[in-house]
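Undergrad: My structure is below; once you've seen it, I'll send some questions.
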Amino acid sequence: MAKAYWLFKSDPEDFGVAELKKCKNKTSLWDGVRNYQARNLLRDKIKVGDGVLFYHSQEKPPAVVALAKVVRAGYPDPTQFDKRSKYYDPKSTHEDPRWFVVDIRHERDLKRPVTLPEIRETPGLDKMVLVNRSRLSVQPVRPDEYKIIVKMGQST
DNA sequence: GCCAACGTTGGC
DNA sequence: GCCAACGTTGGC
C-alpha cells in the first residue's frame, strides 16, 4: 500500500517538537487522543512508514514545524488504564480498549515554520482538514498537500 | 483571555 | 433517539 500522510497537532506547552527530540531515539508514543474520529485513524489507518506533519497549535501563529515518521502502528493507549494519568478512562477495559496510540519518530525540523495563515492563502492547501475542521487533532493529509508544505518549509 | 465551533453527556 | 447543557479546543 502506498505511503500515507497525516498531520498531528500538539500544544508545545504540553508536548512539542522539543520534547519529542529529547525522547530516546527521538521516538515517542502519541498518547492522550480522546476523540473517536482521531482514534479510528490511529487504530485502523495509520501505518508504519507513514509521514507526519508535526503541528504546533496555541502558537502565534500556529504552524507546521517538523516532519516525523510512524514507527509503530496502532496499539492500546496505556494511559487509559493508569489511574494517576489525566487521560485515565474508567470505562475502558484491556479486553476492549477504547483509545489507541501510534509511535512516531522525529525526522527533521523544517528550515522554517509553515504557518496557518500561509497555509490558508496557498492554492492547493485550501481543502486541508486543518483549514476546514480545525479541531481534529489527528487528520489525513493528501500527498500533494504534504509535498507543498515540505517545499514551503525548505525555502528561507 | 475571549469566544465560536463542535464534540460529548445525560435526561426525557 | 432527540436535544439542551456542558466542556474543550484552538484561533485570534
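Following the order of the C-alpha cells, first chain is A, next is B, and so on, with residues numbered from 1 inside each chain and ligands from 1 in the order they appear.
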Would you give me, as a list in words, the residues of chain C that come within 8 Å of chain A, using only C-alpha atoms (C1' of nucleotides)?
TA: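 Taken together, these residues fit the definition: DT9, DG10 and DG11 of chain C.
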Undergrad: Next, write the just-selected residues to a file, as a PDB file, in the first residue's frame, keeping all heavy atoms as the atom set.
TA:
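New file out_32.pdb:
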```
ATOM      1  P    DT C   9      -9.131  19.796  25.319  1.00  0.00           P
ATOM      2  OP1  DT C   9      -8.492  18.476  25.197  1.00  0.00           O
ATOM      3  OP2  DT C   9      -8.634  20.816  26.272  1.00  0.00           O
ATOM      4  O5'  DT C   9      -9.167  20.451  23.876  1.00  0.00           O
ATOM      5  C5'  DT C   9      -9.909  19.839  22.839  1.00  0.00           C
ATOM      6  C4'  DT C   9      -9.949  20.801  21.675  1.00  0.00           C
ATOM      7  O4'  DT C   9     -10.807  21.909  22.000  1.00  0.00           O
ATOM      8  C3'  DT C   9      -8.589  21.393  21.300  1.00  0.00           C
ATOM      9  O3'  DT C   9      -8.456  21.187  19.930  1.00  0.00           O
ATOM     10  C2'  DT C   9      -8.717  22.878  21.696  1.00  0.00           C
ATOM     11  C1'  DT C   9     -10.196  23.125  21.611  1.00  0.00           C
ATOM     12  N1   DT C   9     -10.822  24.145  22.477  1.00  0.00           N
ATOM     13  C2   DT C   9     -11.756  25.004  21.926  1.00  0.00           C
ATOM     14  O2   DT C   9     -12.051  24.964  20.743  1.00  0.00           O
ATOM     15  N3   DT C   9     -12.322  25.875  22.801  1.00  0.00           N
ATOM     16  C4   DT C   9     -12.073  25.994  24.148  1.00  0.00           C
ATOM     17  O4   DT C   9     -12.659  26.814  24.837  1.00  0.00           O
ATOM     18  C5   DT C   9     -11.085  25.074  24.674  1.00  0.00           C
ATOM     19  C7   DT C   9     -10.744  25.135  26.111  1.00  0.00           C
ATOM     20  C6   DT C   9     -10.513  24.210  23.827  1.00  0.00           C
ATOM     21  P    DG C  10      -7.053  21.322  19.216  1.00  0.00           P
ATOM     22  OP1  DG C  10      -7.077  20.533  17.981  1.00  0.00           O
ATOM     23  OP2  DG C  10      -5.990  21.130  20.211  1.00  0.00           O
ATOM     24  O5'  DG C  10      -7.068  22.849  18.811  1.00  0.00           O
ATOM     25  C5'  DG C  10      -8.002  23.303  17.839  1.00  0.00           C
ATOM     26  C4'  DG C  10      -7.936  24.794  17.783  1.00  0.00           C
ATOM     27  O4'  DG C  10      -8.572  25.360  18.935  1.00  0.00           O
ATOM     28  C3'  DG C  10      -6.505  25.374  17.785  1.00  0.00           C
ATOM     29  O3'  DG C  10      -6.475  26.393  16.837  1.00  0.00           O
ATOM     30  C2'  DG C  10      -6.344  25.921  19.179  1.00  0.00           C
ATOM     31  C1'  DG C  10      -7.755  26.410  19.418  1.00  0.00           C
ATOM     32  N9   DG C  10      -8.113  26.720  20.810  1.00  0.00           N
ATOM     33  C8   DG C  10      -7.544  26.237  21.954  1.00  0.00           C
ATOM     34  N7   DG C  10      -8.088  26.721  23.036  1.00  0.00           N
ATOM     35  C5   DG C  10      -9.081  27.571  22.560  1.00  0.00           C
ATOM     36  C6   DG C  10     -10.002  28.387  23.257  1.00  0.00           C
ATOM     37  O6   DG C  10     -10.135  28.516  24.473  1.00  0.00           O
ATOM     38  N1   DG C  10     -10.823  29.101  22.390  1.00  0.00           N
ATOM     39  C2   DG C  10     -10.774  29.038  21.021  1.00  0.00           C
ATOM     40  N2   DG C  10     -11.631  29.790  20.335  1.00  0.00           N
ATOM     41  N3   DG C  10      -9.904  28.268  20.346  1.00  0.00           N
ATOM     42  C4   DG C  10      -9.095  27.578  21.185  1.00  0.00           C
ATOM     43  P    DG C  11      -5.224  26.708  15.987  1.00  0.00           P
ATOM     44  OP1  DG C  11      -4.971  25.617  15.041  1.00  0.00           O
ATOM     45  OP2  DG C  11      -4.146  27.130  16.889  1.00  0.00           O
ATOM     46  O5'  DG C  11      -5.746  27.969  15.200  1.00  0.00           O
ATOM     47  C5'  DG C  11      -7.053  27.947  14.615  1.00  0.00           C
ATOM     48  C4'  DG C  11      -7.661  29.326  14.706  1.00  0.00           C
ATOM     49  O4'  DG C  11      -8.137  29.581  16.040  1.00  0.00           O
ATOM     50  C3'  DG C  11      -6.693  30.466  14.383  1.00  0.00           C
ATOM     51  O3'  DG C  11      -7.401  31.439  13.643  1.00  0.00           O
ATOM     52  C2'  DG C  11      -6.273  30.981  15.756  1.00  0.00           C
ATOM     53  C1'  DG C  11      -7.544  30.771  16.569  1.00  0.00           C
ATOM     54  N9   DG C  11      -7.310  30.547  18.000  1.00  0.00           N
ATOM     55  C8   DG C  11      -6.375  29.713  18.562  1.00  0.00           C
ATOM     56  N7   DG C  11      -6.413  29.708  19.871  1.00  0.00           N
ATOM     57  C5   DG C  11      -7.436  30.587  20.187  1.00  0.00           C
ATOM     58  C6   DG C  11      -7.938  30.995  21.453  1.00  0.00           C
ATOM     59  O6   DG C  11      -7.566  30.636  22.568  1.00  0.00           O
ATOM     60  N1   DG C  11      -8.978  31.900  21.330  1.00  0.00           N
ATOM     61  C2   DG C  11      -9.475  32.363  20.136  1.00  0.00           C
ATOM     62  N2   DG C  11     -10.474  33.245  20.208  1.00  0.00           N
ATOM     63  N3   DG C  11      -9.018  31.994  18.940  1.00  0.00           N
ATOM     64  C4   DG C  11      -7.999  31.110  19.047  1.00  0.00           C
TER      65       DG C  11
END
```
Undergrad: Extract, using only C-alpha atoms (C1' of nucleotides), all DNA, RNA and protein residues at most 12 Å from Ala68 in chain A, discarding same-chain residues fewer than 4 positions from it, and format them as an NGL selection string.
TA: :A and (5-8 or 17 or 20-21 or 26-28 or 30 or 48-55 or 64 or 102-110 or 150)
Undergrad: At a cut-off of 8 Å, using only C-alpha atoms (C1' of nucleotides), what residues contact range 32-47 of chain A? Leave out same-chain residues fewer than 3 positions from it and give the result as an MDAnalysis selection string.
TA: chainID A and resid 4 50 70 72:75 77 79 87 99:102 136:139
Undergrad: Give me, as a list of chain:residue names, the residues of range 34-76 of chain A that a backbone DSSP run labels alpha helix (DSSP H).
TA: A:Tyr36, A:Gln37, A:Ala38, A:Arg39, A:Asn40
Undergrad: Give the strand (DSSP E or B) residues of chain A, as DSSP finds them on the backbone, and put them as a PDB file with C-alpha atoms, in the first residue's frame.
TA:
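Writing done, so here's selection.pdb:
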```
ATOM      1  CA  TYR A   5       0.446  11.272   5.289  1.00  0.00           C
ATOM      2  CA  TRP A   6      -1.023  12.751   8.439  1.00  0.00           C
ATOM      3  CA  LEU A   7      -0.985  15.897  10.481  1.00  0.00           C
ATOM      4  CA  PHE A   8      -0.557  15.577  14.260  1.00  0.00           C
ATOM      5  CA  LYS A   9      -1.353  18.552  16.416  1.00  0.00           C
ATOM      6  CA  SER A  10       0.444  19.263  19.626  1.00  0.00           C
ATOM      7  CA  THR A  27      10.644   8.376  19.351  1.00  0.00           C
ATOM      8  CA  SER A  28       7.518   8.614  21.457  1.00  0.00           C
ATOM      9  CA  LEU A  29       4.051   7.226  21.642  1.00  0.00           C
ATOM     10  CA  GLY A  51       4.736  10.575   7.080  1.00  0.00           C
ATOM     11  CA  VAL A  52       3.630  13.009   9.783  1.00  0.00           C
ATOM     12  CA  LEU A  53       3.470  16.780   9.689  1.00  0.00           C
ATOM     13  CA  PHE A  54       4.136  17.930  13.244  1.00  0.00           C
ATOM     14  CA  TYR A  55       1.979  20.951  14.007  1.00  0.00           C
ATOM     15  CA  HIS A  56       2.114  23.353  16.918  1.00  0.00           C
ATOM     16  CA  ALA A  63       2.455  26.301  12.304  1.00  0.00           C
ATOM     17  CA  VAL A  64       3.808  23.043  10.918  1.00  0.00           C
ATOM     18  CA  VAL A  65       7.295  22.882  12.402  1.00  0.00           C
ATOM     19  CA  ALA A  66       8.757  19.435  11.723  1.00  0.00           C
ATOM     20  CA  LEU A  67       8.489  16.103   9.945  1.00  0.00           C
ATOM     21  CA  ALA A  68       8.099  12.766  11.699  1.00  0.00           C
ATOM     22  CA  LYS A  69       7.599   9.172  10.726  1.00  0.00           C
ATOM     23  CA  VAL A  70       5.320   6.467  12.071  1.00  0.00           C
ATOM     24  CA  VAL A  71       7.476   3.665  13.517  1.00  0.00           C
ATOM     25  CA  ARG A  72       4.786   1.581  15.218  1.00  0.00           C
ATOM     26  CA  ALA A  73       1.152   1.197  14.166  1.00  0.00           C
ATOM     27  CA  GLY A  74      -1.904   1.368  16.411  1.00  0.00           C
ATOM     28  CA  TYR A  75      -1.919  -0.272  19.843  1.00  0.00           C
ATOM     29  CA  PRO A  76      -3.892   0.453  23.031  1.00  0.00           C
ATOM     30  CA  PHE A 100      -5.176   3.896  20.708  1.00  0.00           C
ATOM     31  CA  VAL A 101      -1.723   5.328  20.071  1.00  0.00           C
ATOM     32  CA  VAL A 102       0.989   5.044  17.443  1.00  0.00           C
ATOM     33  CA  ASP A 103       4.718   5.659  17.885  1.00  0.00           C
ATOM     34  CA  ILE A 104       6.360   8.421  15.890  1.00  0.00           C
ATOM     35  CA  ARG A 105       9.995   9.372  15.434  1.00  0.00           C
ATOM     36  CA  HIS A 106      11.259  12.860  14.762  1.00  0.00           C
ATOM     37  CA  GLU A 107      12.831  13.078  11.301  1.00  0.00           C
ATOM     38  CA  ARG A 108      13.850  16.702  10.884  1.00  0.00           C
ATOM     39  CA  ASP A 109      12.720  20.221  11.615  1.00  0.00           C
ATOM     40  CA  LEU A 110      11.552  22.344   8.727  1.00  0.00           C
ATOM     41  CA  LYS A 111      14.014  25.126   7.853  1.00  0.00           C
ATOM     42  CA  ARG A 112      11.239  27.498   8.789  1.00  0.00           C
ATOM     43  CA  PRO A 113       7.741  27.012  10.229  1.00  0.00           C
ATOM     44  CA  VAL A 114       4.905  26.931   7.729  1.00  0.00           C
ATOM     45  CA  THR A 115       2.193  28.963   9.408  1.00  0.00           C
ATOM     46  CA  VAL A 138      -5.045  13.754  14.038  1.00  0.00           C
ATOM     47  CA  GLN A 139      -6.011  14.273  10.458  1.00  0.00           C
ATOM     48  CA  PRO A 140      -5.303  12.960   6.958  1.00  0.00           C
ATOM     49  CA  VAL A 141      -3.126  14.966   4.559  1.00  0.00           C
TER      50      VAL A 141
END
```
Undergrad: What separation in Å, quoted to one decimal, exists between C1' of DG1 in chain C and CA of Tyr88 in chain A?
TA: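 We find that C1' of DG1 in chain C and CA of Tyr88 in chain A lie 29.0 Å from each other.
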Undergrad: Have a look at CA of Arg120 in chain A and C1' of DC3 in chain B and let me know their distance in Å, one decimal.
TA: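 Between these atoms lies a distance of 21.4 Å.
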